[in-house]
Amino acid sequence: MKLERSDRGPLLAFLLPAIIMMVVFFVIPVIYVVAVSFLKWNGISAPIVRGFRNYLLLYKDKAFARSILNNVIWALVAGFIQVPLAMVMAIILSRKPKGWKFFRTVYFFPQVISGIALATLWRAIYSADTGLLNGLLRAIGLGDAARDWLGTIETAFPAVLIYWVFYIGYYMVIMMADITTIDTSYYEAAVIDGASDFQQAIYITIPLIKRTSLLTCITLASVMGLRQFEQVYMLTNGGPANTTSTIVLYMYKKMQDSNYGLASASAVILIIVGVIFIVTIRKLFEGRGDKAAQRKAIKKARRALK
Amino acid sequence: MKKTIALLLTLVMVFGLVASMPAYADDEIVINFPSIWVGTDSKAAYMSQLIENFNAENAGAIKVVVEEQTDYQAYRDKIRTTITTGSAPDICILDTTFDIKAYAESGKFMDLTPYLDEGWGNDFTDGAFDAWSVDGKVSILPFESAVFTPIYNAKLLAECGWDHFPATYDEFFQMCKDVKAKGFNAMGQMAGDNAWSSMLWYSLIAEAIGGKDVYADGLDNPAFVEAAKVLKEMYSYTFDGAVSAAASDVNGHFLARDTVVYLNGPWWIANFYKEDNAVDGVLLADDCEVAVNPTYEGGLGEGGLVTTVQGFLAAAKQSDPAKEEAVVKFLKYITDPQHVSELALSSGAMFFVKYTPSPDTSLISQKVTEVANNAAFTVLHVNGAFPTAFSTEFPAALSALVLGQVDEQGFVDQLQTAIELAE
Amino acid sequence: MSENKIHAPLHGKELILAILRWILIIFFAVYTLFPLIWLILSSLKTNFEFQAMSPFALPKVPQWQNYVNALKVAGLGRMLLNSVIVGLAATAVNVIIASMGAYCISRFRFKGRERIFTLFTAGILVPLNALMVPYFVIINKLGLYNTYGGMILLYCAIGIPMSTFLIRGLMDSVPMELEEAAYIDGCGFFGRFFYLILPLSRTGIVTAATFEFLTCWNEFVFANLIVSSEKLRTVQVGIRYFTNQFSTDYVSMYAAIVISIIPSILGYILFQEQIIAGMTSGAVKG
């Protein structure tokens, strides 16, 4: 929308509260973090300027490299496996099958259950001796595959990642809300054209949510993947041998060591990695994505159906 | 409907913004004390009574306000943040042993030397302050101590054909084999979470090998490589999944009576006597015996004991002399030998204060105290002897060692690198 | 795709799709209900049962005492109330401020618009653990240490990037033509915001509000850092009441967790019903 001169005052008034909060609670604190990242400081004694040494140390630290890799994998899996799964379920539930309200609520439960409880449960499921997973494998005659899932180099990270991929409730709810705003006349027309549910999803629903809730969810899920801390901290504390470490966990451990310089440097790296990641995702979805293009896509789809 | 919601929200917000701490009488000195000895901590009940009594005795003059902190990691985070930002609480508990000197040097804490010199210092065990004073000044008091000595399920060990606890590590591994052959676990190990139990074993083994001066050359002492070898071997005789295990797994196995040896601090003793943990009406304590750290062939550790400072008391520097007096008065009150004796009885914990143990002390506590009193010398637990970075890295290094990612030297190197990174 | 197949759908294929659909629905239901059921069962065990026996066994005798412990010892009632107060207030302020900001960024083209949005997006990525020291200083300097106000302000602020991001995402999907039409009809800046954009982007606002409320509800580090009085403690602090330096009373903690999630689940159901329900009527997409 073109900005009218008379709108400038209200615009500023509307934008200002958010900007002030951002400056006070993000810009200034992040400047502080950047400043500390150039120091050697334990929080007690006088700080010593260290220049880029902390960044050099991070570059050399294999545990940190592994943390970045884990975060990137996590973000990709979240954005491109977890969210599509959520989308499938959102499409299925938005057709209102029997009990859909119940399922929509149930799928959301893991979001409200405390992380401590979820972590203890999954530790129990993956446990070597009393674990549910090993019990299941033994019951179906695959006892050889039983192992200490969280204590084996090869399986620890996949185990931490996989259980969490199926908790899709939050993204599903976002996309469902978006799908319900789609004009029903599209579907009615499609039904007349003889399109199956599957085709309606492919040609109407997905194109219409692609640049709104789907993009939002993918970005959100990736951010969550990049910020991952609590679950890893409680499930494995980064072990074994740092194979499940993440950037925030790495940072947290350095804070425990009162190594504020290195902790801050890793926070800065996380922000940089994150911004690159998100800008790339948004670029992928960009292009002529306005409403006209969407409508055109739908027309094309309908023509294809006929 | 919308208006009601809006009104409600406004009310909630106004209420929220206006609500503040209750005001205290002007002339009353308020001492804030964020404390970890609350909630389900074994010292909680007696501490809270003690503070209540103190407040009653000093009503109108001094009031100690306890800020309950139950999550230890969050407590550490908070205390560190307050100290960093120059707003340390009047009294706090510190436990990162290695950082104590830095805290003492920072000058942010009250110098207690004059008060200790007036006779208060005599209440503490001999040499209690030696390791923590800076330039002869004491600003941080070691308070709660802990000793680590193995406790074992004698009944289970007998089932494995052993009528005594091994005196040497060679014998210990003989026992391990016999125990494992019977289908039990010799001891609990954990490389998950903070690897607490395994770190304790590492301290005991290192002490057995390196003896009194094991820390003299830092991690360069070959005892640490040797100890890593022994610790790794122990992983063959523990339960499945020890690499990812946490303290609850170690405790669970010992409680389930499938593990022979248990290693933890004196605070755990209360669990031996809990009805909840009894099996067929027999208390765990009735099956258990206290042992001493086995000796190591060619080692220097005979008669040694691994100890740690579990909690230091520190008081922030005060500008108001009256408040300083009040804080000291309170510190003297909680470190009073009579009070500490009762605190020890009610909690099972041990302290750096000279006190006469109550005759009602539990049998296991008495035996642990006996082991402590018989020790020829003491050596710190590794997590107090090395910088925090050592303990933070320990689980990662240990799991790498057990899973064959690094050898014993590599394990020690990894810990050394972590320490250097923090320097 | 060939026409025949569309006009003469195979019954077999439809059946397979229907079966597949229900397999998925049931799988996710079991997967998400399992933790809750396990949690409830565990909260009825003794600590001995929980630690020394199979974690998936049923409790021998249900220990309702754990719930009594949780309610009495931890003072959970007061903490729940605090969480509700702080959560609602922070969410309300947060969502208002974020919608206003998102409206400007979504609907108007002005200099620095995208840069401002990038700033917000980057804000989502900031690991808040690293900001303990600055936040502690800011809250203290504002004189808000140990007040509801401090918690509300901090929670509101840390949620701004996320809420703005979510609301903008869905505001973008409100057709520009609608707003232009309103503009031509003489509807001003505020009018368009309150009567057109706000109602039409309810989905985004509800999503952001849900997220913000859950963040407040589950936040622990700062709840512990910037508050010292027991009267202001929130429910996450209460859950940790059963932890101490050396051990955890798991079963009582689980009872506390079960109690603490009941309000969030009830609130969620009501919220979804009330706000999403009316949404189908106002189809705007396309």
# chains A, B, ... in the order shown; residues from 1 in each chain; ligands from 1

call {"tool": "interface_residues", "arguments": {"of": "chain B", "to": "chain A", "cutoff": "6 Å", "atoms": "only C-alpha atoms", "output": "list in words"}}
result
Thr84, Asp193, Asp240, Gly241, Val243, Ser244, Thr388, Ala389, Ala396, Ser399, Ala400 and Ala422 of chain B

call {"tool": "write_last_selection", "arguments": {"atoms": "C-alpha atoms", "output": "CSV table (one decimal), in the first residue's frame"}}
result
chain,number,residue,atom,x,y,z
B,84,THR,CA,28.9,-10.3,37.8
B,193,ASP,CA,24.3,-36.1,32.2
B,240,ASP,CA,23.9,-52.0,30.3
B,241,GLY,CA,23.7,-48.5,28.9
B,243,VAL,CA,27.3,-44.6,28.6
B,244,SER,CA,24.0,-42.7,28.5
B,388,THR,CA,34.9,-26.2,36.2
B,389,ALA,CA,35.8,-26.8,32.5
B,396,ALA,CA,32.1,-36.1,26.8
B,399,SER,CA,32.0,-41.5,26.8
B,400,ALA,CA,34.6,-41.0,24.0
B,422,ALA,CA,38.8,-21.7,29.7

call {"tool": "residues_around", "arguments": {"residues": "Thr234 (chain C)", "least_positions_apart": "5", "cutoff": "8 Å", "atoms": "only C-alpha atoms", "output": "PyMOL selection string"}}
result
chain C and resi 79-83+223

call {"tool": "write_last_selection", "arguments": {"atoms": "N, CA and C atoms", "output": "PDB file, in the first residue's frame"}}
result
ATOM      1  N   MET C  79       1.358 -20.399  42.552  1.00  0.00           N
ATOM      2  CA  MET C  79       2.241 -20.313  41.399  1.00  0.00           C
ATOM      3  C   MET C  79       1.455 -20.388  40.091  1.00  0.00           C
ATOM      4  N   LEU C  80       0.432 -21.233  40.090  1.00  0.00           N
ATOM      5  CA  LEU C  80      -0.421 -21.320  38.903  1.00  0.00           C
ATOM      6  C   LEU C  80      -1.066 -19.970  38.632  1.00  0.00           C
ATOM      7  N   LEU C  81      -1.574 -19.366  39.705  1.00  0.00           N
ATOM      8  CA  LEU C  81      -2.212 -18.064  39.559  1.00  0.00           C
ATOM      9  C   LEU C  81      -1.210 -17.046  38.987  1.00  0.00           C
ATOM     10  N   ASN C  82      -0.001 -17.039  39.538  1.00  0.00           N
ATOM     11  CA  ASN C  82       1.022 -16.123  39.026  1.00  0.00           C
ATOM     12  C   ASN C  82       1.299 -16.360  37.549  1.00  0.00           C
ATOM     13  N   SER C  83       1.406 -17.629  37.186  1.00  0.00           N
ATOM     14  CA  SER C  83       1.680 -17.940  35.783  1.00  0.00           C
ATOM     15  C   SER C  83       0.558 -17.432  34.893  1.00  0.00           C
ATOM     16  N   ALA C 223      12.369 -16.551  34.972  1.00  0.00           N
ATOM     17  CA  ALA C 223      11.417 -16.535  36.089  1.00  0.00           C
ATOM     18  C   ALA C 223      12.175 -16.678  37.397  1.00  0.00           C
TER      19      ALA C 223
END

call {"tool": "closest_residue", "arguments": {"among": "A:Leu121, A:Leu39, A:Leu284, A:Val165", "to": "chain C", "atoms": "only C-alpha atoms"}}
result
A:Leu121

call {"tool": "interface_residues", "arguments": {"of": "chain C", "to": "chain B", "cutoff": "8 Å", "atoms": "only C-alpha atoms", "output": "VMD selection string"}}
result
chain C and resid 46 to 48 51 to 53 85 to 86 88 to 89 92 132 to 133 136 to 137 146 to 149 152 221 224 to 225 228 to 230 240 to 247 249

call {"tool": "write_last_selection", "arguments": {"atoms": "N, CA and C atoms", "output": "tab-separated table (two decimals), in the first residue's frame"}}
result
chain	number	residue	atom	x	y	z
C	46	THR	N	5.53	-44.83	43.45
C	46	THR	CA	6.45	-44.38	44.49
C	46	THR	C	7.79	-44.14	43.80
C	47	ASN	N	8.67	-43.41	44.45
C	47	ASN	CA	9.98	-43.16	43.85
C	47	ASN	C	10.75	-44.46	43.64
C	48	PHE	N	10.54	-45.40	44.55
C	48	PHE	CA	11.21	-46.69	44.41
C	48	PHE	C	10.72	-47.39	43.13
C	51	GLN	N	12.13	-45.56	40.04
C	51	GLN	CA	13.56	-45.66	39.76
C	51	GLN	C	14.04	-47.10	39.61
C	52	ALA	N	13.54	-47.98	40.47
C	52	ALA	CA	14.13	-49.31	40.54
C	52	ALA	C	13.36	-50.36	39.73
C	53	MET	N	12.19	-50.00	39.20
C	53	MET	CA	11.44	-50.97	38.43
C	53	MET	C	11.27	-50.49	37.01
C	85	ILE	N	-1.52	-14.92	35.55
C	85	ILE	CA	-1.46	-13.45	35.52
C	85	ILE	C	-0.37	-12.99	34.56
C	86	VAL	N	0.84	-13.49	34.80
C	86	VAL	CA	1.97	-13.05	33.97
C	86	VAL	C	1.75	-13.45	32.52
C	88	LEU	N	-1.06	-14.13	30.81
C	88	LEU	CA	-2.12	-13.39	30.11
C	88	LEU	C	-1.69	-11.96	29.83
C	89	ALA	N	-1.15	-11.31	30.84
C	89	ALA	CA	-0.78	-9.91	30.66
C	89	ALA	C	0.30	-9.77	29.59
C	92	ALA	N	-1.14	-10.46	26.15
C	92	ALA	CA	-2.00	-9.39	25.64
C	92	ALA	C	-1.16	-8.23	25.11
C	132	MET	N	21.50	-13.32	29.93
C	132	MET	CA	21.15	-13.27	31.35
C	132	MET	C	21.67	-12.01	32.02
C	133	VAL	N	22.93	-11.70	31.77
C	133	VAL	CA	23.52	-10.54	32.43
C	133	VAL	C	22.85	-9.23	31.99
C	136	PHE	N	19.27	-8.97	33.34
C	136	PHE	CA	19.25	-8.74	34.78
C	136	PHE	C	19.50	-7.26	35.08
C	137	VAL	N	20.48	-6.69	34.36
C	137	VAL	CA	20.81	-5.27	34.56
C	137	VAL	C	19.64	-4.39	34.14
C	146	ASN	N	11.99	-8.38	40.87
C	146	ASN	CA	11.04	-8.96	41.81
C	146	ASN	C	9.66	-8.31	41.74
C	147	THR	N	9.15	-8.05	40.54
C	147	THR	CA	7.78	-7.55	40.39
C	147	THR	C	7.11	-8.32	39.25
C	148	TYR	N	5.78	-8.33	39.30
C	148	TYR	CA	5.05	-8.87	38.15
C	148	TYR	C	5.42	-8.09	36.90
C	149	GLY	N	5.52	-6.76	37.09
C	149	GLY	CA	5.81	-5.88	35.95
C	149	GLY	C	7.09	-6.30	35.22
C	152	ILE	N	6.37	-9.45	33.27
C	152	ILE	CA	5.48	-9.19	32.14
C	152	ILE	C	6.24	-8.47	31.04
C	221	VAL	N	14.24	-20.03	33.28
C	221	VAL	CA	15.50	-19.37	33.63
C	221	VAL	C	15.27	-17.94	34.13
C	224	ASN	N	13.25	-17.44	37.36
C	224	ASN	CA	14.05	-17.64	38.55
C	224	ASN	C	15.02	-16.49	38.77
C	225	LEU	N	15.48	-15.92	37.64
C	225	LEU	CA	16.53	-14.90	37.73
C	225	LEU	C	16.01	-13.56	38.25
C	228	SER	N	12.60	-12.90	43.30
C	228	SER	CA	13.14	-13.59	44.47
C	228	SER	C	12.04	-13.97	45.46
C	229	SER	N	10.93	-13.27	45.40
C	229	SER	CA	9.90	-13.54	46.40
C	229	SER	C	9.08	-14.78	46.04
C	230	GLU	N	8.78	-15.57	47.07
C	230	GLU	CA	7.95	-16.76	46.83
C	230	GLU	C	6.57	-16.39	46.31
C	240	ARG	N	10.06	-27.43	39.84
C	240	ARG	CA	11.43	-27.77	40.25
C	240	ARG	C	11.62	-27.80	41.75
C	241	TYR	N	10.52	-27.57	42.48
C	241	TYR	CA	10.61	-27.62	43.92
C	241	TYR	C	11.11	-28.99	44.38
C	242	PHE	N	10.80	-30.02	43.61
C	242	PHE	CA	11.12	-31.38	44.03
C	242	PHE	C	12.50	-31.84	43.59
C	243	THR	N	13.27	-30.92	43.05
C	243	THR	CA	14.67	-31.21	42.73
C	243	THR	C	15.51	-30.63	43.85
C	244	ASN	N	16.62	-31.26	44.17
C	244	ASN	CA	17.59	-30.56	45.00
C	244	ASN	C	18.97	-30.84	44.48
C	245	GLN	N	19.96	-30.42	45.25
C	245	GLN	CA	21.33	-30.50	44.78
C	245	GLN	C	21.72	-31.93	44.39
C	246	PHE	N	21.13	-32.91	45.05
C	246	PHE	CA	21.61	-34.27	44.85
C	246	PHE	C	20.61	-35.23	44.24
C	247	SER	N	19.34	-34.92	44.32
C	247	SER	CA	18.38	-35.91	43.84
C	247	SER	C	17.07	-35.23	43.48
C	249	ASP	N	12.76	-35.81	43.59
C	249	ASP	CA	11.59	-36.58	43.96
C	249	ASP	C	10.70	-36.62	42.71

call {"tool": "select_by_dssp", "arguments": {"residues": "region 172-273 of chain B", "states": "helix (DSSP H, G or I)", "output": "ChimeraX atom specification"}}
result
/B:172-181,196-213,218-220,223-237,242-244,247-255,266-273

call {"tool": "atom_distance", "arguments": {"atom1": "CA of Cys216 (chain C)", "atom2": "CA of Gly87 (chain C)"}}
result
5.4 Å

call {"tool": "residues_around", "arguments": {"residues": "Ile269 (chain A)", "least_positions_apart": "5", "cutoff": "10 Å", "atoms": "only C-alpha atoms", "output": "JSON, numbers by chain"}}
result
{"A": [34, 55, 58, 68, 247, 264, 274, 275]}

call {"tool": "write_last_selection", "arguments": {"atoms": "C-alpha atoms", "output": "compact mmCIF listing (two decimals), in the first residue's frame"}}
result
# COMPACT_ATOMS: atom_id res chain seq x y z
CA VAL A 34 29.33 -9.01 20.59
CA TYR A 55 36.51 -17.01 17.26
CA LEU A 58 35.80 -21.88 18.14
CA ILE A 68 26.88 -26.32 14.10
CA ILE A 247 25.37 -24.46 19.55
CA SER A 264 29.36 -14.93 23.62
CA GLY A 274 20.70 -18.49 11.61
CA VAL A 275 20.29 -15.36 9.54

call {"tool": "residues_around", "arguments": {"residues": "region 198-204 of chain C", "least_positions_apart": "6", "cutoff": "7 Å", "atoms": "only C-alpha atoms", "output": "PDB file with N, CA and C atoms, in the first residue's frame"}}
result
ATOM      1  N   ALA A 177      -5.370 -23.570  10.719  1.00  0.00           N
ATOM      2  CA  ALA A 177      -6.060 -22.288  10.835  1.00  0.00           C
ATOM      3  C   ALA A 177      -6.025 -21.566   9.496  1.00  0.00           C
ATOM      4  N   ASP A 178      -4.924 -21.660   8.807  1.00  0.00           N
ATOM      5  CA  ASP A 178      -4.790 -20.992   7.513  1.00  0.00           C
ATOM      6  C   ASP A 178      -5.699 -21.658   6.472  1.00  0.00           C
TER       7      ASP A 178
ATOM      8  N   LEU C 166       5.156 -14.078  13.095  1.00  0.00           N
ATOM      9  CA  LEU C 166       3.987 -14.923  12.846  1.00  0.00           C
ATOM     10  C   LEU C 166       2.812 -14.098  12.323  1.00  0.00           C
ATOM     11  N   ILE C 167       2.571 -12.948  12.928  1.00  0.00           N
ATOM     12  CA  ILE C 167       1.400 -12.150  12.541  1.00  0.00           C
ATOM     13  C   ILE C 167       1.600 -11.572  11.148  1.00  0.00           C
ATOM     14  N   LEU C 170       0.800 -14.024   8.347  1.00  0.00           N
ATOM     15  CA  LEU C 170      -0.589 -14.248   7.981  1.00  0.00           C
ATOM     16  C   LEU C 170      -1.302 -12.971   7.539  1.00  0.00           C
ATOM     17  N   MET C 171      -0.786 -11.826   7.969  1.00  0.00           N
ATOM     18  CA  MET C 171      -1.373 -10.566   7.487  1.00  0.00           C
ATOM     19  C   MET C 171      -1.124 -10.394   5.995  1.00  0.00           C
ATOM     20  N   VAL C 174      -3.868 -11.328   3.577  1.00  0.00           N
ATOM     21  CA  VAL C 174      -5.110 -10.556   3.406  1.00  0.00           C
ATOM     22  C   VAL C 174      -4.964  -9.746   2.106  1.00  0.00           C
TER      23      VAL C 174
END

call {"tool": "closest_residue", "arguments": {"among": "C:Met100, C:Leu142, C:Leu153, C:Ile226", "to": "chain A", "atoms": "only C-alpha atoms"}}
result
C:Met100

call {"tool": "residues_around", "arguments": {"residues": "Val173 (chain A)", "least_positions_apart": "5", "cutoff": "12 Å", "atoms": "only C-alpha atoms", "output": "NGL selection string"}}
result
(:A and (83 or 86-94 or 100-101 or 103-109 or 111 or 167-168 or 178-180 or 213-214 or 217)) or (:C and (203-204 or 206-208 or 210-211 or 268 or 272 or 276))

call {"tool": "write_last_selection", "arguments": {"atoms": "C-alpha atoms", "output": "compact mmCIF listing (two decimals), in the first residue's frame"}}
result
# COMPACT_ATOMS: atom_id res chain seq x y z
CA VAL A 83 6.66 -29.39 8.63
CA ALA A 86 2.43 -31.46 9.81
CA MET A 87 1.03 -30.15 6.55
CA VAL A 88 -0.25 -33.59 5.55
CA MET A 89 -2.00 -33.91 8.88
CA ALA A 90 -3.37 -30.39 8.65
CA ILE A 91 -4.86 -31.17 5.25
CA ILE A 92 -6.33 -34.45 6.48
CA LEU A 93 -7.84 -32.93 9.62
CA SER A 94 -9.17 -29.88 7.83
CA TRP A 100 -11.08 -34.07 14.18
CA LYS A 101 -11.45 -31.61 17.05
CA PHE A 103 -7.27 -35.10 17.38
CA ARG A 104 -6.38 -31.47 16.82
CA THR A 105 -6.26 -30.98 20.58
CA VAL A 106 -4.43 -34.22 21.28
CA TYR A 107 -1.72 -33.50 18.73
CA PHE A 108 -1.01 -30.31 20.57
CA PHE A 109 -0.46 -31.98 23.97
CA GLN A 111 3.65 -28.65 23.42
CA TYR A 167 5.62 -33.87 17.44
CA ILE A 168 3.92 -31.84 14.77
CA ASP A 178 -4.79 -20.99 7.51
CA ILE A 179 -6.51 -23.71 5.49
CA THR A 180 -9.87 -22.91 7.06
CA SER A 213 1.50 -20.50 6.83
CA LEU A 214 3.73 -23.09 5.17
CA CYS A 217 6.08 -22.93 9.68
CA THR C 203 -5.45 -16.66 12.63
CA GLY C 204 -2.00 -15.14 12.84
CA VAL C 206 -4.20 -16.46 17.69
CA THR C 207 -1.15 -18.42 16.58
CA ALA C 208 1.19 -15.81 17.99
CA THR C 210 -0.72 -19.30 21.69
CA PHE C 211 3.00 -19.36 21.14
CA TYR C 268 -6.05 -24.21 24.79
CA GLN C 272 -9.29 -22.74 19.96
CA ILE C 276 -10.92 -20.48 15.48

call {"tool": "residues_around", "arguments": {"residues": "Ala285 (chain B)", "least_positions_apart": "3", "cutoff": "6 Å", "atoms": "only C-alpha atoms", "output": "list in words"}}
result
Phe272, Tyr273 and Cys288 of chain B

call {"tool": "write_last_selection", "arguments": {"atoms": "C-alpha atoms", "output": "PDB file, in the first residue's frame"}}
result
ATOM      1  CA  PHE B 272      19.219 -46.377  53.030  1.00  0.00           C
ATOM      2  CA  TYR B 273      16.696 -45.922  55.798  1.00  0.00           C
ATOM      3  CA  CYS B 288      24.785 -52.603  53.491  1.00  0.00           C
TER       4      CYS B 288
END

call {"tool": "residues_around", "arguments": {"residues": "Ile100 (chain B)", "least_positions_apart": "5", "cutoff": "9 Å", "atoms": "only C-alpha atoms", "output": "MDAnalysis selection string"}}
result
chainID B and resid 94:95 105 132 140 312

call {"tool": "select_by_dssp", "arguments": {"residues": "region 148-354 of chain B", "states": "strand (DSSP E)", "output": "ChimeraX atom specification"}}
result
/B:148,151-153,185-187,259-262,288-290,304-315,350-351

call {"tool": "write_last_selection", "arguments": {"atoms": "N, CA and C atoms", "output": "mmCIF file, in the first residue's frame"}}
result
data_model
loop_
_atom_site.group_PDB
_atom_site.id
_atom_site.type_symbol
_atom_site.label_atom_id
_atom_site.label_comp_id
_atom_site.auth_asym_id
_atom_site.auth_seq_id
_atom_site.Cartn_x
_atom_site.Cartn_y
_atom_site.Cartn_z
ATOM 1 N N PHE B 148 33.877 -39.271 50.303
ATOM 2 C CA PHE B 148 33.383 -40.276 49.367
ATOM 3 C C PHE B 148 34.066 -41.601 49.631
ATOM 4 N N ILE B 151 30.097 -47.746 49.514
ATOM 5 C CA ILE B 151 29.176 -48.479 50.378
ATOM 6 C C ILE B 151 28.710 -49.676 49.546
ATOM 7 N N TYR B 152 28.620 -50.846 50.160
ATOM 8 C CA TYR B 152 28.275 -52.006 49.343
ATOM 9 C C TYR B 152 27.168 -52.840 49.957
ATOM 10 N N ASN B 153 26.471 -53.533 49.112
ATOM 11 C CA ASN B 153 25.400 -54.425 49.515
ATOM 12 C C ASN B 153 26.034 -55.763 49.917
ATOM 13 N N ASN B 185 25.487 -56.518 38.777
ATOM 14 C CA ASN B 185 26.444 -55.490 38.373
ATOM 15 C C ASN B 185 27.353 -55.163 39.541
ATOM 16 N N ALA B 186 28.634 -54.940 39.237
ATOM 17 C CA ALA B 186 29.575 -54.659 40.323
ATOM 18 C C ALA B 186 29.343 -53.273 40.903
ATOM 19 N N MET B 187 29.177 -52.284 40.032
ATOM 20 C CA MET B 187 28.945 -50.928 40.534
ATOM 21 C C MET B 187 28.201 -50.142 39.450
ATOM 22 N N THR B 259 22.942 -54.312 42.060
ATOM 23 C CA THR B 259 24.276 -53.737 41.947
ATOM 24 C C THR B 259 24.921 -53.755 43.323
ATOM 25 N N VAL B 260 26.212 -54.132 43.361
ATOM 26 C CA VAL B 260 26.843 -54.375 44.658
ATOM 27 C C VAL B 260 27.383 -53.103 45.305
ATOM 28 N N VAL B 261 28.161 -52.325 44.553
ATOM 29 C CA VAL B 261 28.850 -51.198 45.192
ATOM 30 C C VAL B 261 28.198 -49.881 44.799
ATOM 31 N N TYR B 262 28.069 -48.996 45.773
ATOM 32 C CA TYR B 262 27.473 -47.688 45.532
ATOM 33 C C TYR B 262 28.428 -46.613 46.028
ATOM 34 N N CYS B 288 23.623 -53.335 53.998
ATOM 35 C CA CYS B 288 24.785 -52.603 53.491
ATOM 36 C C CYS B 288 25.887 -52.386 54.510
ATOM 37 N N GLU B 289 27.074 -52.235 53.999
ATOM 38 C CA GLU B 289 28.265 -52.013 54.815
ATOM 39 C C GLU B 289 29.090 -50.891 54.192
ATOM 40 N N VAL B 290 29.870 -50.230 55.037
ATOM 41 C CA VAL B 290 30.735 -49.158 54.543
ATOM 42 C C VAL B 290 32.135 -49.709 54.321
ATOM 43 N N GLY B 304 44.306 -42.901 52.274
ATOM 44 C CA GLY B 304 43.789 -41.598 51.831
ATOM 45 C C GLY B 304 42.271 -41.595 51.691
ATOM 46 N N LEU B 305 41.718 -40.406 51.658
ATOM 47 C CA LEU B 305 40.272 -40.262 51.565
ATOM 48 C C LEU B 305 39.941 -39.128 50.599
ATOM 49 N N VAL B 306 38.963 -39.355 49.744
ATOM 50 C CA VAL B 306 38.538 -38.302 48.821
ATOM 51 C C VAL B 306 37.443 -37.468 49.474
ATOM 52 N N THR B 307 37.643 -36.180 49.487
ATOM 53 C CA THR B 307 36.670 -35.280 50.125
ATOM 54 C C THR B 307 36.354 -34.122 49.183
ATOM 55 N N THR B 308 35.375 -33.361 49.556
ATOM 56 C CA THR B 308 35.112 -32.139 48.802
ATOM 57 C C THR B 308 34.423 -31.121 49.693
ATOM 58 N N VAL B 309 34.415 -29.877 49.242
ATOM 59 C CA VAL B 309 33.617 -28.865 49.932
ATOM 60 C C VAL B 309 32.306 -28.802 49.177
ATOM 61 N N GLN B 310 31.236 -29.151 49.854
ATOM 62 C CA GLN B 310 29.958 -29.211 49.164
ATOM 63 C C GLN B 310 29.280 -27.850 49.131
ATOM 64 N N GLY B 311 29.599 -27.031 50.112
ATOM 65 C CA GLY B 311 28.992 -25.702 50.121
ATOM 66 C C GLY B 311 29.833 -24.703 50.891
ATOM 67 N N PHE B 312 30.091 -23.547 50.278
ATOM 68 C CA PHE B 312 30.768 -22.441 50.962
ATOM 69 C C PHE B 312 29.710 -21.407 51.324
ATOM 70 N N LEU B 313 29.951 -20.684 52.398
ATOM 71 C CA LEU B 313 29.082 -19.556 52.725
ATOM 72 C C LEU B 313 29.838 -18.277 52.407
ATOM 73 N N ALA B 314 29.184 -17.381 51.696
ATOM 74 C CA ALA B 314 29.829 -16.118 51.370
ATOM 75 C C ALA B 314 28.863 -14.989 51.658
ATOM 76 N N ALA B 315 29.410 -13.852 52.073
ATOM 77 C CA ALA B 315 28.568 -12.694 52.359
ATOM 78 C C ALA B 315 29.071 -11.521 51.533
ATOM 79 N N MET B 350 27.854 -33.583 56.424
ATOM 80 C CA MET B 350 29.034 -33.361 57.261
ATOM 81 C C MET B 350 29.500 -31.916 57.091
ATOM 82 N N PHE B 351 30.232 -31.420 58.076
ATOM 83 C CA PHE B 351 30.556 -29.986 58.070
ATOM 84 C C PHE B 351 31.978 -29.698 58.507
#

call {"tool": "closest_residue", "arguments": {"among": "A:Met175, A:Tyr187, A:Val273, A:Leu118", "to": "Thr212 (chain A)", "atoms": "only C-alpha atoms"}}
result
A:Met175

call {"tool": "atom_distance", "arguments": {"atom1": "CA of Ala223 (chain B)", "atom2": "CA of Ala208 (chain B)"}}
result
8.9 Å

call {"tool": "closest_residue", "arguments": {"among": "A:Ile182, A:Ile48, A:Val191, A:Leu215", "to": "chain C", "atoms": "only C-alpha atoms"}}
result
A:Ile182

call {"tool": "atom_distance", "arguments": {"atom1": "CA of Glu180 (chain C)", "atom2": "CA of Glu286 (chain A)"}}
result
23.7 Å
